[in-house]
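*Asks:* Have a look at this one.
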Amino acid sequence: MQLLDGKAISAQIKSEIKIEVENWISAGGKKPHLAAILVGEDGASETYVASKIRSCEEIGFTSTLLRFGPETTEAELLEAVESLNKNSDVDGFIVQLPLPKHISENTIMEAVDSSKDVDGFHPINVGRMCKGLPAYISATPFGILEMLIRAGIETSGKHCVVIGRSQIVGLPMSILMQRNEYPGNCTVTITHSKTKNLKEICQTADILIVALGRPEFVTADYIKDGAVVIDVGITRVKDASKKSGFAIKGDVNFADVAPKSSFITPVPGGVGLMTICGLLTNTLKAARKEIYK
Ligand code: GUN
C-alpha cells in the first residue's frame, strides 16, 4: 500500500505556483488577486476560507476576504457578486458554500462572471469542462486528478466507481475520469443513495472515489485487492480527547481498507489539502487570462 500524501503533494504544487507567480511578475504581470465571500458563521467554512487566504499569502497572491452576516439577503449578496465581477483588480473570486438556506446557491453561482469563476461552479465552466474545452476545473476534482498524475497511476481502461453525485465532486469527477485523455479513459460508474448493490459494484472498482459524506462508511469488504482508494469525505465528529472538541473523519475506514489497496488517501492529510491547489491554479490562470481572453 502506498499513501497518496496530500500534504507533500500540495506543498510541492504550491512551491511550483509560487515560482510561476514570481516569473509572471518579473515579466511585468500583475500580482494575481483572489477574493472570497464568506456568509454566516459556519465553523468549517471559516476554517477553509482562512486556509485559502493563508495560502494566497504564502505563494504571493493578493487576497481579499468579504464577510457577510447570517441574515444577509440574496439581493445583498448578488450586489457583492456584481461588484466583484466589475472590479478589474480582482482576477477571480469564490463564494464559500454552503450558503444560508434562504439564499439560492444556484442563483449566486450563475451571477458570478464565468471568467472570474475560479471555483469552476458556473454552468458555463461546467459545460465547457463536459465538452473538453478549456475551463476552470473545480477544486476537489482538480486535486484528485493531480494526485493520480503525480503518483503515476494508470487510469486507461480501468473501472472507476464514484460514490456520490454532488455538483462539486461526484458529478464533475465522473465526467473527468471518462474523458479521452490522461487521467481518464476509465469506464465510470456513478453511484448514489438509490443505487442497489453498492457494495458489489464497489468490489469491481479499480479506482474508487468516495464522496458521500458518511464517516468511515467504506470498509474492507467493499474493496477489490489492489484498488486505488480516494477518500473525499471530511466530516467533523465530536471527540472530547481533541483540543478542538472534534476529529476529522473520512468516508473510508482507513485502518480496515488500507491493507487491501494499492494507493490510498488519508483523512486528514489527503484530498482536502489538495483542493486549495486547484483554486490557486485557477486564479493564476485567471490572472494570465489563459481561459477567457
Ligand atoms: N464548500 C466546500 N467545498 C467548496 C469549494 O470548493 N468552494 C466553495 N466555494 N465552497 C465550498
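Each chain in the C-alpha cells gets a letter, A, B, ..., in the order shown, and its residues are numbered from 1; ligands are numbered from 1 in order too.
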Could you give me the residues within segment 35-283 of chain A that DSSP places in helix (DSSP H, G or I), as JSON, numbers by chain?

*Replies:* {"A": [43, 44, 45, 46, 47, 48, 49, 50, 51, 52, 53, 54, 55, 56, 57, 58, 59, 74, 75, 76, 77, 78, 79, 80, 81, 82, 83, 84, 85, 86, 105, 106, 107, 108, 109, 110, 111, 114, 115, 116, 123, 124, 125, 126, 127, 128, 129, 130, 131, 139, 140, 141, 142, 143, 144, 145, 146, 147, 148, 149, 150, 170, 171, 172, 173, 174, 175, 176, 177, 178, 198, 199, 200, 201, 202, 220, 221, 222, 254, 255, 256, 257, 258, 259, 260, 271, 272, 273, 274, 275, 276, 277, 278, 279, 280, 281, 282, 283]}

*Asks:* Restricting the output to C-alpha atoms, write the selected residues as a short mmCIF file (atom, residue, chain, number, x, y, z; two decimals), in the first residue's frame.

*Replies:*
data_model
loop_
_atom_site.label_atom_id
_atom_site.label_comp_id
_atom_site.auth_asym_id
_atom_site.auth_seq_id
_atom_site.Cartn_x
_atom_site.Cartn_y
_atom_site.Cartn_z
CA GLY A 43 -17.20 26.81 11.62
CA ALA A 44 -15.89 24.55 8.85
CA SER A 45 -16.29 27.29 6.22
CA GLU A 46 -14.38 29.73 8.45
CA THR A 47 -11.50 27.23 8.61
CA TYR A 48 -11.49 26.57 4.86
CA VAL A 49 -11.59 30.23 3.89
CA ALA A 50 -8.87 31.13 6.40
CA SER A 51 -6.71 28.43 4.88
CA LYS A 52 -7.38 29.71 1.33
CA ILE A 53 -6.39 33.24 2.35
CA ARG A 54 -3.25 31.99 4.13
CA SER A 55 -2.23 30.01 1.02
CA CYS A 56 -2.60 33.13 -1.13
CA GLU A 57 -0.15 34.96 1.11
CA GLU A 58 2.31 32.04 1.03
CA ILE A 59 2.51 31.97 -2.74
CA GLU A 74 -29.89 37.16 -1.61
CA ALA A 75 -30.18 40.63 -3.16
CA GLU A 76 -27.35 41.97 -0.98
CA LEU A 77 -25.16 39.02 -1.88
CA LEU A 78 -25.92 39.46 -5.58
CA GLU A 79 -24.82 43.08 -5.26
CA ALA A 80 -21.50 41.97 -3.73
CA VAL A 81 -21.01 39.44 -6.55
CA GLU A 82 -21.77 42.09 -9.15
CA SER A 83 -19.27 44.46 -7.61
CA LEU A 84 -16.53 41.80 -7.73
CA ASN A 85 -17.49 41.00 -11.34
CA LYS A 86 -16.84 44.65 -12.19
CA GLU A 105 -26.70 28.74 -4.28
CA ASN A 106 -27.55 28.22 -7.96
CA THR A 107 -28.66 31.84 -8.34
CA ILE A 108 -25.43 33.08 -6.76
CA MET A 109 -23.21 30.72 -8.78
CA GLU A 110 -24.85 31.85 -12.02
CA ALA A 111 -24.31 35.50 -11.12
CA SER A 114 -17.63 32.87 -15.68
CA SER A 115 -14.20 34.39 -16.43
CA LYS A 116 -13.73 35.01 -12.68
CA PRO A 123 -22.78 26.41 -15.73
CA ILE A 124 -20.52 27.81 -18.47
CA ASN A 125 -17.42 26.33 -16.83
CA VAL A 126 -19.20 23.04 -16.05
CA GLY A 127 -20.46 22.85 -19.66
CA ARG A 128 -17.03 23.66 -21.09
CA MET A 129 -15.45 21.01 -18.87
CA CYS A 130 -18.02 18.45 -20.11
CA LYS A 131 -17.18 19.31 -23.73
CA ALA A 139 -11.02 22.38 -6.73
CA THR A 140 -11.67 18.86 -5.48
CA PRO A 141 -11.68 17.14 -8.89
CA PHE A 142 -8.51 19.09 -9.75
CA GLY A 143 -6.87 17.87 -6.53
CA ILE A 144 -7.77 14.24 -7.23
CA LEU A 145 -6.51 14.37 -10.84
CA GLU A 146 -3.21 15.89 -9.65
CA MET A 147 -2.76 13.11 -7.08
CA LEU A 148 -3.30 10.46 -9.77
CA ILE A 149 -0.85 12.22 -12.12
CA ARG A 150 1.88 12.74 -9.55
CA GLY A 170 -19.13 13.31 -7.78
CA LEU A 171 -20.60 14.66 -10.98
CA PRO A 172 -17.51 16.50 -12.34
CA MET A 173 -15.24 13.65 -11.20
CA SER A 174 -17.25 11.10 -13.18
CA ILE A 175 -17.05 13.29 -16.31
CA LEU A 176 -13.30 13.84 -15.96
CA MET A 177 -12.49 10.16 -15.39
CA GLN A 178 -14.21 9.09 -18.62
CA LEU A 198 -23.47 -0.66 -3.93
CA LYS A 199 -21.02 -2.97 -2.20
CA GLU A 200 -20.93 -5.41 -5.14
CA ILE A 201 -20.34 -2.54 -7.60
CA CYS A 202 -17.51 -1.15 -5.45
CA ALA A 220 -12.55 -3.59 3.50
CA ASP A 221 -15.42 -5.75 2.17
CA TYR A 222 -16.14 -3.01 -0.45
CA PHE A 254 -8.68 3.76 6.63
CA ALA A 255 -7.25 1.11 9.00
CA ASP A 256 -9.57 -1.52 7.54
CA VAL A 257 -9.21 -0.60 3.85
CA ALA A 258 -5.52 0.42 3.57
CA PRO A 259 -4.03 -3.12 3.64
CA LYS A 260 -6.16 -4.13 0.60
CA VAL A 271 -7.63 15.23 -0.84
CA GLY A 272 -8.64 18.12 1.46
CA LEU A 273 -5.21 19.73 1.28
CA MET A 274 -5.11 19.32 -2.49
CA THR A 275 -8.27 21.32 -3.13
CA ILE A 276 -6.64 24.65 -2.39
CA CYS A 277 -4.11 23.93 -5.14
CA GLY A 278 -6.95 23.83 -7.66
CA LEU A 279 -8.20 27.20 -6.56
CA LEU A 280 -4.72 28.73 -6.69
CA THR A 281 -4.03 27.24 -10.13
CA ASN A 282 -7.31 28.62 -11.46
CA THR A 283 -6.58 32.06 -10.01
#

*Asks:* With ligand 1 as the partner and 6 Å as the cut-off, tabulate the residues of chain A that qualify, each row holding the nearest pair of atoms and their distance in Å to one decimal, using only C-alpha atoms and all ligand atoms, sorted by chain and rising number, as CSV.

*Replies:*
residue,atom,partner,partner_atom_place_in_ligand_line,distance
A:Ile94,CA,ligand 1,9 (N),5.1
A:Val95,CA,ligand 1,9 (N),4.7
A:Gln96,CA,ligand 1,9 (N),3.5
A:Leu97,CA,ligand 1,10 (N),3.8
A:Pro98,CA,ligand 1,1 (N),5.9
A:Asp119,CA,ligand 1,7 (N),5.7
A:Ala139,CA,ligand 1,6 (O),5.2

*Asks:* So that I can check the secondary structure, give me every residue of segment 96-235 of chain A assigned strand (DSSP E) by backbone DSSP, as a PyMOL selection string.

*Replies:* chain A and resi 159-163+187-191+207-210+227-231+235

*Asks:* How about saving the chosen residues, N, CA, C and O atoms kept, as a PDB file, in the first residue's frame?

*Replies:*
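Ended up saving to out16.pdb:
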ATOM      1  N   HIS A 159     -11.854   0.451 -14.326  1.00  0.00           N
ATOM      2  CA  HIS A 159     -13.214   0.715 -13.876  1.00  0.00           C
ATOM      3  C   HIS A 159     -13.138   1.673 -12.684  1.00  0.00           C
ATOM      4  O   HIS A 159     -12.578   1.334 -11.640  1.00  0.00           O
ATOM      5  N   CYS A 160     -13.675   2.861 -12.874  1.00  0.00           N
ATOM      6  CA  CYS A 160     -13.680   3.859 -11.800  1.00  0.00           C
ATOM      7  C   CYS A 160     -15.105   3.954 -11.246  1.00  0.00           C
ATOM      8  O   CYS A 160     -16.044   4.229 -11.993  1.00  0.00           O
ATOM      9  N   VAL A 161     -15.253   3.709  -9.973  1.00  0.00           N
ATOM     10  CA  VAL A 161     -16.570   3.845  -9.331  1.00  0.00           C
ATOM     11  C   VAL A 161     -16.536   5.097  -8.456  1.00  0.00           C
ATOM     12  O   VAL A 161     -15.610   5.292  -7.663  1.00  0.00           O
ATOM     13  N   VAL A 162     -17.521   5.959  -8.673  1.00  0.00           N
ATOM     14  CA  VAL A 162     -17.632   7.188  -7.881  1.00  0.00           C
ATOM     15  C   VAL A 162     -18.854   7.026  -6.975  1.00  0.00           C
ATOM     16  O   VAL A 162     -19.947   6.722  -7.465  1.00  0.00           O
ATOM     17  N   ILE A 163     -18.669   7.197  -5.682  1.00  0.00           N
ATOM     18  CA  ILE A 163     -19.827   7.180  -4.770  1.00  0.00           C
ATOM     19  C   ILE A 163     -20.182   8.626  -4.460  1.00  0.00           C
ATOM     20  O   ILE A 163     -19.368   9.358  -3.888  1.00  0.00           O
ATOM     21  N   THR A 187     -13.788   3.415 -17.530  1.00  0.00           N
ATOM     22  CA  THR A 187     -15.208   3.081 -17.598  1.00  0.00           C
ATOM     23  C   THR A 187     -15.750   3.513 -16.241  1.00  0.00           C
ATOM     24  O   THR A 187     -15.274   3.034 -15.212  1.00  0.00           O
ATOM     25  N   VAL A 188     -16.675   4.463 -16.258  1.00  0.00           N
ATOM     26  CA  VAL A 188     -17.081   5.074 -14.980  1.00  0.00           C
ATOM     27  C   VAL A 188     -18.477   4.616 -14.572  1.00  0.00           C
ATOM     28  O   VAL A 188     -19.395   4.587 -15.390  1.00  0.00           O
ATOM     29  N   THR A 189     -18.614   4.255 -13.326  1.00  0.00           N
ATOM     30  CA  THR A 189     -19.942   4.017 -12.745  1.00  0.00           C
ATOM     31  C   THR A 189     -20.147   5.057 -11.658  1.00  0.00           C
ATOM     32  O   THR A 189     -19.309   5.182 -10.761  1.00  0.00           O
ATOM     33  N   ILE A 190     -21.227   5.833 -11.772  1.00  0.00           N
ATOM     34  CA  ILE A 190     -21.521   6.813 -10.728  1.00  0.00           C
ATOM     35  C   ILE A 190     -22.671   6.269  -9.882  1.00  0.00           C
ATOM     36  O   ILE A 190     -23.693   5.856 -10.407  1.00  0.00           O
ATOM     37  N   THR A 191     -22.442   6.214  -8.584  1.00  0.00           N
ATOM     38  CA  THR A 191     -23.435   5.619  -7.677  1.00  0.00           C
ATOM     39  C   THR A 191     -23.925   6.682  -6.698  1.00  0.00           C
ATOM     40  O   THR A 191     -23.279   7.715  -6.524  1.00  0.00           O
ATOM     41  N   ILE A 207     -10.499   1.851  -9.373  1.00  0.00           N
ATOM     42  CA  ILE A 207     -10.306   3.157  -8.729  1.00  0.00           C
ATOM     43  C   ILE A 207     -11.642   3.492  -8.067  1.00  0.00           C
ATOM     44  O   ILE A 207     -12.676   3.538  -8.742  1.00  0.00           O
ATOM     45  N   LEU A 208     -11.622   3.715  -6.753  1.00  0.00           N
ATOM     46  CA  LEU A 208     -12.856   4.018  -6.025  1.00  0.00           C
ATOM     47  C   LEU A 208     -12.740   5.428  -5.444  1.00  0.00           C
ATOM     48  O   LEU A 208     -11.809   5.714  -4.687  1.00  0.00           O
ATOM     49  N   ILE A 209     -13.661   6.295  -5.861  1.00  0.00           N
ATOM     50  CA  ILE A 209     -13.650   7.682  -5.373  1.00  0.00           C
ATOM     51  C   ILE A 209     -14.888   7.856  -4.493  1.00  0.00           C
ATOM     52  O   ILE A 209     -16.016   7.688  -4.956  1.00  0.00           O
ATOM     53  N   VAL A 210     -14.649   8.144  -3.227  1.00  0.00           N
ATOM     54  CA  VAL A 210     -15.748   8.113  -2.256  1.00  0.00           C
ATOM     55  C   VAL A 210     -16.052   9.527  -1.770  1.00  0.00           C
ATOM     56  O   VAL A 210     -15.202  10.178  -1.155  1.00  0.00           O
ATOM     57  N   ALA A 227      -6.960  -2.068  -5.268  1.00  0.00           N
ATOM     58  CA  ALA A 227      -7.682  -0.890  -5.766  1.00  0.00           C
ATOM     59  C   ALA A 227      -7.005   0.406  -5.290  1.00  0.00           C
ATOM     60  O   ALA A 227      -6.311   0.429  -4.279  1.00  0.00           O
ATOM     61  N   VAL A 228      -7.238   1.459  -6.085  1.00  0.00           N
ATOM     62  CA  VAL A 228      -6.818   2.816  -5.689  1.00  0.00           C
ATOM     63  C   VAL A 228      -8.031   3.437  -4.983  1.00  0.00           C
ATOM     64  O   VAL A 228      -9.130   3.450  -5.541  1.00  0.00           O
ATOM     65  N   VAL A 229      -7.836   3.927  -3.761  1.00  0.00           N
ATOM     66  CA  VAL A 229      -8.969   4.428  -2.970  1.00  0.00           C
ATOM     67  C   VAL A 229      -8.763   5.909  -2.649  1.00  0.00           C
ATOM     68  O   VAL A 229      -7.772   6.293  -2.026  1.00  0.00           O
ATOM     69  N   ILE A 230      -9.690   6.718  -3.146  1.00  0.00           N
ATOM     70  CA  ILE A 230      -9.617   8.171  -2.951  1.00  0.00           C
ATOM     71  C   ILE A 230     -10.768   8.580  -2.035  1.00  0.00           C
ATOM     72  O   ILE A 230     -11.944   8.427  -2.393  1.00  0.00           O
ATOM     73  N   ASP A 231     -10.432   9.113  -0.885  1.00  0.00           N
ATOM     74  CA  ASP A 231     -11.439   9.452   0.137  1.00  0.00           C
ATOM     75  C   ASP A 231     -11.643  10.969   0.179  1.00  0.00           C
ATOM     76  O   ASP A 231     -10.743  11.716   0.570  1.00  0.00           O
ATOM     77  N   THR A 235     -15.675  14.900   7.556  1.00  0.00           N
ATOM     78  CA  THR A 235     -16.782  15.161   8.490  1.00  0.00           C
ATOM     79  C   THR A 235     -16.188  15.412   9.872  1.00  0.00           C
ATOM     80  O   THR A 235     -15.258  14.720  10.292  1.00  0.00           O
TER      81      THR A 235
END

*Asks:* Counting only C-alpha atoms, which of A:Pro100, A:Pro183, A:Gly60, A:Ile248 gets nearest to Glu16 of chain A?

*Replies:* A:Gly60

*Asks:* With only C-alpha atoms as the counted atoms, please give the residues lying no more than 12 Å from Trp24 of chain A, apart from itself and same-chain residues fewer than 4 positions off, as a list in words.

*Replies:*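 Residues near the query, excluding close chain neighbours: Ile17, Lys18, Ile19, Glu20, Gly28, Gly29, Lys30, Lys31, Pro32, Gly60, Phe61, Leu284, Lys285, Ala287 and Arg288 of chain A.
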
*Asks:* With N, CA, C and O atoms retained, write the just-selected residues as a short mmCIF file (atom, residue, chain, number, x, y, z; two decimals), in the first residue's frame.

*Replies:*
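In the end it all went to out_33.cif:
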data_model
loop_
_atom_site.label_atom_id
_atom_site.label_comp_id
_atom_site.auth_asym_id
_atom_site.auth_seq_id
_atom_site.Cartn_x
_atom_site.Cartn_y
_atom_site.Cartn_z
N ILE A 17 3.67 26.86 -8.01
CA ILE A 17 2.86 28.04 -8.36
C ILE A 17 3.60 29.31 -7.93
O ILE A 17 3.60 30.31 -8.65
N LYS A 18 4.24 29.25 -6.77
CA LYS A 18 4.96 30.43 -6.26
C LYS A 18 6.02 30.88 -7.28
O LYS A 18 6.15 32.07 -7.57
N ILE A 19 6.73 29.91 -7.86
CA ILE A 19 7.75 30.25 -8.85
C ILE A 19 7.09 30.85 -10.10
O ILE A 19 7.57 31.85 -10.66
N GLU A 20 5.97 30.26 -10.50
CA GLU A 20 5.26 30.80 -11.69
C GLU A 20 4.79 32.23 -11.45
O GLU A 20 4.83 33.06 -12.35
N GLY A 28 6.41 41.46 -15.84
CA GLY A 28 5.55 42.64 -15.93
C GLY A 28 4.09 42.39 -15.60
O GLY A 28 3.26 43.29 -15.70
N GLY A 29 3.76 41.16 -15.21
CA GLY A 29 2.36 40.84 -14.87
C GLY A 29 1.97 41.40 -13.51
O GLY A 29 2.83 41.70 -12.68
N LYS A 30 0.66 41.49 -13.30
CA LYS A 30 0.13 41.98 -12.02
C LYS A 30 -0.01 40.79 -11.05
O LYS A 30 -0.28 39.67 -11.47
N LYS A 31 0.20 41.08 -9.75
CA LYS A 31 0.01 40.04 -8.74
C LYS A 31 -1.39 39.45 -8.84
O LYS A 31 -2.36 40.21 -8.80
N PRO A 32 -1.55 38.13 -8.97
CA PRO A 32 -2.90 37.55 -9.02
C PRO A 32 -3.69 37.90 -7.75
O PRO A 32 -3.11 37.92 -6.65
N GLY A 60 2.28 34.39 -2.83
CA GLY A 60 2.48 35.69 -3.47
C GLY A 60 1.28 36.25 -4.21
O GLY A 60 1.43 37.07 -5.11
N PHE A 61 0.05 35.79 -3.84
CA PHE A 61 -1.16 36.39 -4.40
C PHE A 61 -1.64 37.50 -3.46
O PHE A 61 -1.36 37.47 -2.26
N LEU A 284 -4.33 31.76 -10.87
CA LEU A 284 -3.18 32.13 -11.71
C LEU A 284 -3.59 32.15 -13.19
O LEU A 284 -3.25 33.07 -13.94
N LYS A 285 -4.40 31.15 -13.59
CA LYS A 285 -4.89 31.12 -14.98
C LYS A 285 -5.75 32.35 -15.27
O LYS A 285 -5.70 32.91 -16.36
N ALA A 287 -5.51 35.31 -13.80
CA ALA A 287 -4.64 36.49 -13.87
C ALA A 287 -3.93 36.55 -15.22
O ALA A 287 -3.74 37.62 -15.79
N ARG A 288 -3.55 35.37 -15.73
CA ARG A 288 -2.85 35.33 -17.03
C ARG A 288 -3.83 35.29 -18.21
O ARG A 288 -3.38 35.15 -19.35
#

*Asks:* Using only C-alpha atoms, can you tell me which of A:Val232, A:Val90, A:Leu99, A:Ala151 comes closest to Leu4 of chain A?

*Replies:*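 Closest to Leu4 of chain A of all the choices is A:Ala151.
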
*Asks:* Report the distance between atom CA of Lys7 of chain A and atom CA of Ser156 of chain A in Å, rounded to one decimal place.

*Replies:*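 According to the coordinates, atom CA of Lys7 of chain A and atom CA of Ser156 of chain A are separated by 26.4 Å.
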
*Asks:* Excluding Val39 of chain A and residues on its chain fewer than 2 positions from it, collect all residues at most 8 Å away from it, counting only C-alpha atoms, and give them as a PyMOL selection string.

*Replies:* chain A and resi 37+41+67-70+72+96+99-100

*Asks:* Mind writing the picked residues with N, CA, C and O atoms as a PDB file, in the first residue's frame?

*Replies:*
ATOM      1  N   ILE A  37     -15.871  35.393  -0.630  1.00  0.00           N
ATOM      2  CA  ILE A  37     -17.044  35.877   0.101  1.00  0.00           C
ATOM      3  C   ILE A  37     -17.457  34.788   1.088  1.00  0.00           C
ATOM      4  O   ILE A  37     -17.622  33.621   0.711  1.00  0.00           O
ATOM      5  N   GLU A  41     -21.885  32.003   9.812  1.00  0.00           N
ATOM      6  CA  GLU A  41     -20.893  31.655  10.839  1.00  0.00           C
ATOM      7  C   GLU A  41     -20.621  30.156  10.903  1.00  0.00           C
ATOM      8  O   GLU A  41     -20.520  29.582  11.979  1.00  0.00           O
ATOM      9  N   ARG A  67     -16.748  39.520   4.376  1.00  0.00           N
ATOM     10  CA  ARG A  67     -17.616  38.783   5.312  1.00  0.00           C
ATOM     11  C   ARG A  67     -19.007  39.375   5.345  1.00  0.00           C
ATOM     12  O   ARG A  67     -19.158  40.603   5.374  1.00  0.00           O
ATOM     13  N   PHE A  68     -19.991  38.487   5.375  1.00  0.00           N
ATOM     14  CA  PHE A  68     -21.387  38.926   5.475  1.00  0.00           C
ATOM     15  C   PHE A  68     -22.069  38.134   6.583  1.00  0.00           C
ATOM     16  O   PHE A  68     -21.780  36.954   6.777  1.00  0.00           O
ATOM     17  N   GLY A  69     -22.987  38.802   7.301  1.00  0.00           N
ATOM     18  CA  GLY A  69     -23.679  38.158   8.423  1.00  0.00           C
ATOM     19  C   GLY A  69     -24.679  37.123   7.942  1.00  0.00           C
ATOM     20  O   GLY A  69     -25.049  37.090   6.757  1.00  0.00           O
ATOM     21  N   PRO A  70     -25.166  36.287   8.874  1.00  0.00           N
ATOM     22  CA  PRO A  70     -26.103  35.210   8.510  1.00  0.00           C
ATOM     23  C   PRO A  70     -27.451  35.704   7.984  1.00  0.00           C
ATOM     24  O   PRO A  70     -28.160  34.958   7.298  1.00  0.00           O
ATOM     25  N   THR A  72     -27.838  38.170   5.869  1.00  0.00           N
ATOM     26  CA  THR A  72     -27.667  38.802   4.544  1.00  0.00           C
ATOM     27  C   THR A  72     -28.704  38.269   3.554  1.00  0.00           C
ATOM     28  O   THR A  72     -28.951  37.058   3.508  1.00  0.00           O
ATOM     29  N   GLN A  96     -18.011  31.088  -0.676  1.00  0.00           N
ATOM     30  CA  GLN A  96     -17.876  29.832   0.055  1.00  0.00           C
ATOM     31  C   GLN A  96     -19.252  29.200   0.296  1.00  0.00           C
ATOM     32  O   GLN A  96     -20.188  29.870   0.715  1.00  0.00           O
ATOM     33  N   LEU A  99     -24.296  28.137   1.649  1.00  0.00           N
ATOM     34  CA  LEU A  99     -24.864  29.445   1.978  1.00  0.00           C
ATOM     35  C   LEU A  99     -26.056  29.228   2.912  1.00  0.00           C
ATOM     36  O   LEU A  99     -26.631  28.132   2.937  1.00  0.00           O
ATOM     37  N   PRO A 100     -26.449  30.258   3.671  1.00  0.00           N
ATOM     38  CA  PRO A 100     -27.651  30.112   4.495  1.00  0.00           C
ATOM     39  C   PRO A 100     -28.833  29.674   3.614  1.00  0.00           C
ATOM     40  O   PRO A 100     -28.893  30.028   2.431  1.00  0.00           O
TER      41      PRO A 100
END

*Asks:* Distance atom CA of Ile264 of chain A-atom CA of Thr195 of chain A, one decimal place?

*Replies:*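 Atom-to-atom, atom CA of Ile264 of chain A to atom CA of Thr195 of chain A, that is 23.8 Å.
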
*Asks:* Please compute the atom CA of Lys249 of chain A-atom CA of Val169 of chain A distance, one decimal, in Å.

*Replies:* 17.4 Å

*Asks:* Determine the nearest neighbour of Thr204 of chain A from the options A:Lys243, A:Lys158, A:His122, A:Lys293, counting only C-alpha atoms.

*Replies:*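 Checking each of A:Lys243, A:Lys158, A:His122, A:Lys293 against Thr204 of chain A, counting only C-alpha atoms, the winner is A:Lys158.
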